[in-house]
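Student: So here's protein.cif, just mmCIF, N, CA and C atoms and all ligand atoms:
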```cif
data_model
loop_
_atom_site.label_atom_id
_atom_site.label_comp_id
_atom_site.auth_asym_id
_atom_site.auth_seq_id
_atom_site.Cartn_x
_atom_site.Cartn_y
_atom_site.Cartn_z
N MET A 813 -15.85 -0.34 13.64
CA MET A 813 -16.40 -1.67 13.41
C MET A 813 -16.57 -2.39 14.74
N THR A 814 -17.68 -3.12 14.85
CA THR A 814 -17.86 -3.95 16.04
C THR A 814 -17.01 -5.21 15.89
N ARG A 815 -16.90 -5.94 16.98
CA ARG A 815 -16.16 -7.20 16.95
C ARG A 815 -16.75 -8.16 15.91
N GLU A 816 -18.08 -8.22 15.86
CA GLU A 816 -18.75 -9.11 14.91
C GLU A 816 -18.48 -8.67 13.46
N GLU A 817 -18.50 -7.37 13.24
CA GLU A 817 -18.21 -6.87 11.89
C GLU A 817 -16.77 -7.18 11.48
N ARG A 818 -15.86 -7.02 12.44
CA ARG A 818 -14.45 -7.34 12.13
C ARG A 818 -14.30 -8.84 11.84
N ALA A 819 -15.02 -9.65 12.60
CA ALA A 819 -14.96 -11.11 12.40
C ALA A 819 -15.45 -11.48 11.00
N ARG A 820 -16.57 -10.88 10.61
CA ARG A 820 -17.11 -11.17 9.26
C ARG A 820 -16.14 -10.66 8.18
N ALA A 821 -15.61 -9.46 8.39
CA ALA A 821 -14.73 -8.85 7.38
C ALA A 821 -13.47 -9.68 7.17
N ILE A 822 -12.82 -10.09 8.25
CA ILE A 822 -11.55 -10.81 8.08
C ILE A 822 -11.79 -12.19 7.49
N THR A 823 -12.93 -12.80 7.79
CA THR A 823 -13.25 -14.09 7.20
C THR A 823 -13.38 -13.95 5.69
N THR A 824 -14.06 -12.89 5.25
CA THR A 824 -14.22 -12.64 3.82
C THR A 824 -12.87 -12.33 3.16
N ILE A 825 -12.10 -11.45 3.80
CA ILE A 825 -10.82 -11.03 3.22
C ILE A 825 -9.86 -12.21 3.10
N CYS A 826 -9.73 -13.00 4.16
CA CYS A 826 -8.84 -14.17 4.11
C CYS A 826 -9.31 -15.16 3.04
N GLY A 827 -10.62 -15.28 2.85
CA GLY A 827 -11.15 -16.14 1.80
C GLY A 827 -10.70 -15.67 0.43
N LYS A 828 -10.81 -14.36 0.21
CA LYS A 828 -10.40 -13.79 -1.08
C LYS A 828 -8.90 -13.94 -1.31
N CYS A 829 -8.13 -13.85 -0.22
CA CYS A 829 -6.67 -13.92 -0.33
C CYS A 829 -6.15 -15.35 -0.36
N GLY A 830 -7.02 -16.32 -0.13
CA GLY A 830 -6.61 -17.72 -0.19
C GLY A 830 -5.75 -18.16 1.00
N CYS A 831 -5.96 -17.58 2.16
CA CYS A 831 -5.20 -17.98 3.35
C CYS A 831 -5.59 -19.39 3.77
N ASN A 832 -4.59 -20.16 4.23
CA ASN A 832 -4.90 -21.50 4.73
C ASN A 832 -5.46 -21.40 6.15
N ASP A 833 -5.86 -22.55 6.72
CA ASP A 833 -6.53 -22.54 8.03
C ASP A 833 -5.66 -21.91 9.12
N GLU A 834 -4.38 -22.24 9.10
CA GLU A 834 -3.47 -21.71 10.12
C GLU A 834 -3.36 -20.18 9.98
N GLN A 835 -3.21 -19.71 8.75
CA GLN A 835 -3.14 -18.26 8.50
C GLN A 835 -4.44 -17.58 8.90
N ARG A 836 -5.56 -18.21 8.54
CA ARG A 836 -6.87 -17.62 8.88
C ARG A 836 -7.03 -17.44 10.37
N ALA A 837 -6.61 -18.44 11.12
CA ALA A 837 -6.73 -18.37 12.58
C ALA A 837 -5.87 -17.21 13.12
N ARG A 838 -4.66 -17.10 12.59
CA ARG A 838 -3.76 -16.03 13.04
C ARG A 838 -4.29 -14.66 12.62
N HIS A 839 -4.75 -14.55 11.38
CA HIS A 839 -5.24 -13.26 10.87
C HIS A 839 -6.52 -12.84 11.59
N TYR A 840 -7.35 -13.84 11.92
CA TYR A 840 -8.59 -13.56 12.66
C TYR A 840 -8.26 -12.95 14.02
N LYS A 841 -7.34 -13.61 14.73
CA LYS A 841 -6.96 -13.13 16.07
C LYS A 841 -6.36 -11.72 15.98
N LEU A 842 -5.47 -11.52 15.01
CA LEU A 842 -4.84 -10.20 14.87
C LEU A 842 -5.88 -9.12 14.59
N PHE A 843 -6.81 -9.42 13.69
CA PHE A 843 -7.78 -8.40 13.27
C PHE A 843 -8.87 -8.18 14.31
N VAL A 844 -9.43 -9.27 14.82
CA VAL A 844 -10.57 -9.16 15.74
C VAL A 844 -10.11 -8.73 17.14
N ASP A 845 -9.03 -9.33 17.62
CA ASP A 845 -8.59 -9.05 18.99
C ASP A 845 -7.65 -7.85 19.08
N GLU A 846 -6.84 -7.66 18.05
CA GLU A 846 -5.81 -6.62 18.15
C GLU A 846 -5.99 -5.50 17.13
N ASN A 847 -7.04 -5.60 16.29
CA ASN A 847 -7.33 -4.57 15.30
C ASN A 847 -6.16 -4.32 14.36
N TRP A 848 -5.47 -5.39 13.99
CA TRP A 848 -4.31 -5.31 13.10
C TRP A 848 -4.66 -6.08 11.83
N ASN A 849 -4.68 -5.39 10.69
CA ASN A 849 -5.08 -6.02 9.43
C ASN A 849 -3.84 -6.35 8.60
N VAL A 850 -3.67 -7.63 8.29
CA VAL A 850 -2.50 -8.05 7.50
C VAL A 850 -2.79 -8.04 6.00
N HIS A 851 -4.00 -7.61 5.61
CA HIS A 851 -4.37 -7.63 4.20
C HIS A 851 -4.74 -6.23 3.69
N PRO A 852 -3.76 -5.38 3.47
CA PRO A 852 -4.10 -4.07 2.91
C PRO A 852 -4.69 -4.23 1.50
N SER A 853 -5.68 -3.41 1.18
CA SER A 853 -6.31 -3.51 -0.15
C SER A 853 -5.34 -3.06 -1.23
N LYS A 854 -5.61 -3.47 -2.46
CA LYS A 854 -4.77 -3.04 -3.58
C LYS A 854 -4.82 -1.52 -3.72
N ARG A 855 -6.00 -0.96 -3.46
CA ARG A 855 -6.17 0.48 -3.54
C ARG A 855 -5.28 1.20 -2.52
N PHE A 856 -5.27 0.65 -1.29
CA PHE A 856 -4.39 1.25 -0.27
C PHE A 856 -2.94 1.10 -0.68
N GLN A 857 -2.56 -0.07 -1.16
CA GLN A 857 -1.17 -0.31 -1.54
C GLN A 857 -0.73 0.66 -2.63
N ALA A 858 -1.60 0.88 -3.61
CA ALA A 858 -1.27 1.80 -4.70
C ALA A 858 -1.09 3.21 -4.17
N TRP A 859 -1.98 3.62 -3.26
CA TRP A 859 -1.89 4.95 -2.67
C TRP A 859 -0.60 5.07 -1.87
N TRP A 860 -0.29 4.04 -1.08
CA TRP A 860 0.89 4.07 -0.20
C TRP A 860 2.19 4.14 -1.01
N GLN A 861 2.22 3.45 -2.14
CA GLN A 861 3.43 3.46 -2.97
C GLN A 861 3.81 4.87 -3.43
N GLU A 862 2.83 5.74 -3.50
CA GLU A 862 3.07 7.11 -3.96
C GLU A 862 3.21 8.10 -2.80
N HIS A 863 3.06 7.62 -1.58
CA HIS A 863 3.10 8.51 -0.41
C HIS A 863 4.53 8.99 -0.12
N PRO A 864 4.69 10.27 0.18
CA PRO A 864 6.03 10.79 0.48
C PRO A 864 6.72 10.05 1.63
N ASP A 865 5.97 9.65 2.65
CA ASP A 865 6.58 8.93 3.77
C ASP A 865 7.12 7.57 3.33
N PHE A 866 6.43 6.94 2.39
CA PHE A 866 6.93 5.67 1.87
C PHE A 866 8.24 5.89 1.11
N LYS A 867 8.25 6.92 0.29
CA LYS A 867 9.46 7.20 -0.51
C LYS A 867 10.64 7.54 0.38
N VAL A 868 10.40 8.31 1.42
CA VAL A 868 11.47 8.63 2.37
C VAL A 868 11.95 7.35 3.06
N SER A 869 11.00 6.49 3.41
CA SER A 869 11.38 5.27 4.14
C SER A 869 12.23 4.35 3.27
N LEU A 870 12.10 4.45 1.96
CA LEU A 870 12.92 3.63 1.06
C LEU A 870 14.39 4.02 1.12
N GLU A 871 14.64 5.25 1.50
CA GLU A 871 16.03 5.72 1.57
C GLU A 871 16.80 4.98 2.65
N ASP A 872 16.08 4.43 3.63
CA ASP A 872 16.74 3.66 4.68
C ASP A 872 17.02 2.23 4.23
N GLY A 873 16.56 1.89 3.06
CA GLY A 873 16.88 0.57 2.52
C GLY A 873 15.69 -0.34 2.32
N LYS A 874 14.74 -0.39 3.25
CA LYS A 874 13.67 -1.37 3.07
C LYS A 874 12.28 -0.77 2.93
N GLY A 875 12.06 0.39 3.44
CA GLY A 875 10.75 1.01 3.28
C GLY A 875 9.73 0.49 4.28
N ILE A 876 8.73 1.31 4.57
CA ILE A 876 7.65 0.91 5.47
C ILE A 876 6.64 0.11 4.65
N SER A 877 6.34 -1.11 5.08
CA SER A 877 5.44 -1.96 4.32
C SER A 877 4.02 -1.40 4.33
N ALA A 878 3.23 -1.80 3.34
CA ALA A 878 1.83 -1.38 3.28
C ALA A 878 1.06 -1.90 4.50
N ILE A 879 1.46 -3.06 5.01
CA ILE A 879 0.77 -3.60 6.19
C ILE A 879 1.01 -2.70 7.40
N THR A 880 2.26 -2.35 7.62
CA THR A 880 2.56 -1.47 8.75
C THR A 880 1.89 -0.12 8.56
N ALA A 881 1.96 0.41 7.33
CA ALA A 881 1.37 1.72 7.05
C ALA A 881 -0.13 1.71 7.33
N GLN A 882 -0.81 0.66 6.86
CA GLN A 882 -2.26 0.61 7.03
C GLN A 882 -2.66 0.55 8.50
N ASN A 883 -1.80 -0.03 9.31
CA ASN A 883 -2.11 -0.17 10.73
C ASN A 883 -1.54 0.97 11.58
N THR A 884 -1.06 2.00 10.90
CA THR A 884 -0.55 3.18 11.59
C THR A 884 -1.62 4.26 11.50
N MET A 885 -2.13 4.67 12.64
CA MET A 885 -3.35 5.48 12.68
C MET A 885 -3.28 6.74 11.81
N TYR A 886 -2.20 7.51 11.91
CA TYR A 886 -2.19 8.77 11.16
C TYR A 886 -2.17 8.53 9.65
N ILE A 887 -1.52 7.46 9.23
CA ILE A 887 -1.49 7.14 7.80
C ILE A 887 -2.87 6.67 7.34
N TRP A 888 -3.50 5.82 8.15
CA TRP A 888 -4.83 5.31 7.80
C TRP A 888 -5.83 6.47 7.69
N GLN A 889 -5.77 7.39 8.65
CA GLN A 889 -6.67 8.55 8.62
C GLN A 889 -6.45 9.38 7.35
N GLU A 890 -5.19 9.56 7.00
CA GLU A 890 -4.84 10.31 5.80
C GLU A 890 -5.41 9.62 4.55
N TYR A 891 -5.31 8.30 4.54
CA TYR A 891 -5.84 7.52 3.42
C TYR A 891 -7.35 7.70 3.30
N LEU A 892 -8.04 7.61 4.43
CA LEU A 892 -9.50 7.76 4.40
C LEU A 892 -9.89 9.14 3.88
N GLU A 893 -9.14 10.16 4.30
CA GLU A 893 -9.42 11.52 3.81
C GLU A 893 -9.13 11.63 2.32
N ALA A 894 -8.05 11.03 1.87
CA ALA A 894 -7.69 11.05 0.46
C ALA A 894 -8.76 10.36 -0.38
N LYS A 895 -9.27 9.24 0.13
CA LYS A 895 -10.34 8.51 -0.56
C LYS A 895 -11.58 9.37 -0.69
N GLU A 896 -11.90 10.07 0.41
CA GLU A 896 -13.11 10.87 0.45
C GLU A 896 -13.10 11.97 -0.60
N ILE A 897 -11.93 12.53 -0.85
CA ILE A 897 -11.86 13.61 -1.85
C ILE A 897 -11.34 13.12 -3.21
N GLY A 898 -11.30 11.80 -3.37
CA GLY A 898 -10.97 11.23 -4.67
C GLY A 898 -9.50 11.20 -5.02
N LEU A 899 -8.63 11.29 -4.00
CA LEU A 899 -7.20 11.24 -4.27
C LEU A 899 -6.58 9.88 -3.98
N ALA A 900 -7.40 8.93 -3.65
CA ALA A 900 -6.89 7.56 -3.43
C ALA A 900 -7.88 6.57 -4.02
ZN ZN A 1001 -5.64 -13.85 5.87
#
```
Would you give me this structure, written as structure tokens?
Ligand SMILES: [Zn+2]
Tutor:
Amino acid sequence: MTREERARAITTICGKCGCNDEQRARHYKLFVDENWNVHPSKRFQAWWQEHPDFKVSLEDGKGISAITAQNTMYIWQEYLEAKEIGLA
């Protein structure tokens, strides 16, 4: 995604999520400048809840959040591949 595409995307996503102005400003900066998305989709969250790494992480007590998982490159790549073959 280009910077402009990320800017448009996060504006839309924050709108759907009902973020206030302060949150929008923070989420915009994180997504556009740092490529960190704080709004994982419901589809990603559902996929992540069933992921073996998530289940293992729960054994430590708190589990890896969907936000952290989505922003972790190898997990995100795995998700995209799973989506492509209809497993997510
Ligand atoms: Zn937001």
Student: Just give me the gap between atom C of Lys895 (chain A) and atom N of Trp859 (chain A) in Å, one decimal is fine.
Tutor: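 Here the two named atoms are 11.5 Å from each other.
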Student: Do a neighbour search on region 823-826 of chain A at 8 Å with only N, CA and C atoms, toss out local chain neighbours closer than 3 positions, and write the hits as JSON, numbers by chain.
Tutor: {"A": [817, 818, 819, 820, 829, 830, 831, 832, 835, 836, 839, 840, 851]}
Student: Have a look at CA of Glu834 (chain A) and atom N of Thr884 (chain A) and let me know their distance in Å, one decimal.
Tutor: 23.8 Å
Student: Would you mind telling me which residue in A:Ala837, A:Val844, A:Ile876, A:Met885 lies nearest to ligand ZN 1001 (chain A) when using only N, CA and C atoms and all ligand atoms?
Tutor: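 Nearest candidate to ligand ZN 1001 (chain A) out of A:Ala837, A:Val844, A:Ile876, A:Met885: A:Ala837.
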Student: I'd like the interatomic distance between CA of Asn847 (chain A) and CA of Asn883 (chain A), to a tenth of an Å.
Tutor: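 Between these atoms lies a distance of 8.2 Å.
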Student: Of the candidates A:Ala878, A:Leu892, A:Val850, A:Met813, which one gets nearest to ligand ZN 1001 (chain A) if we count only N, CA and C atoms and all ligand atoms?
Tutor: A:Val850
Student: Give the answer as one residue: which of A:Arg855, A:Phe866, A:Ala821, A:Arg815 has the shortest atom-to-atom distance to ligand ZN 1001 (chain A), using only C-alpha atoms and all ligand atoms?
Tutor: A:Ala821
Student: For Asn849 (chain A), list every protein, DNA or RNA residue within 6 Å, evaluated using all atoms listed in the file, and leave out those in the same chain fewer than 4 positions away; present the list as an NGL selection string.
Tutor: :A and (842-843 or 879 or 883)
Student: Please, what is the axis-aligned box for every listed atom of region 837-844 of chain A with 3 Å on each side, as centre and edge lengths in Å to one decimal, as AutoDock Vina command-line options?
Tutor:
```
--center_x -7.2 --center_y -13.3 --center_z 14.0 --size_x 12.8 --size_y 16.3 --size_z 12.3
```
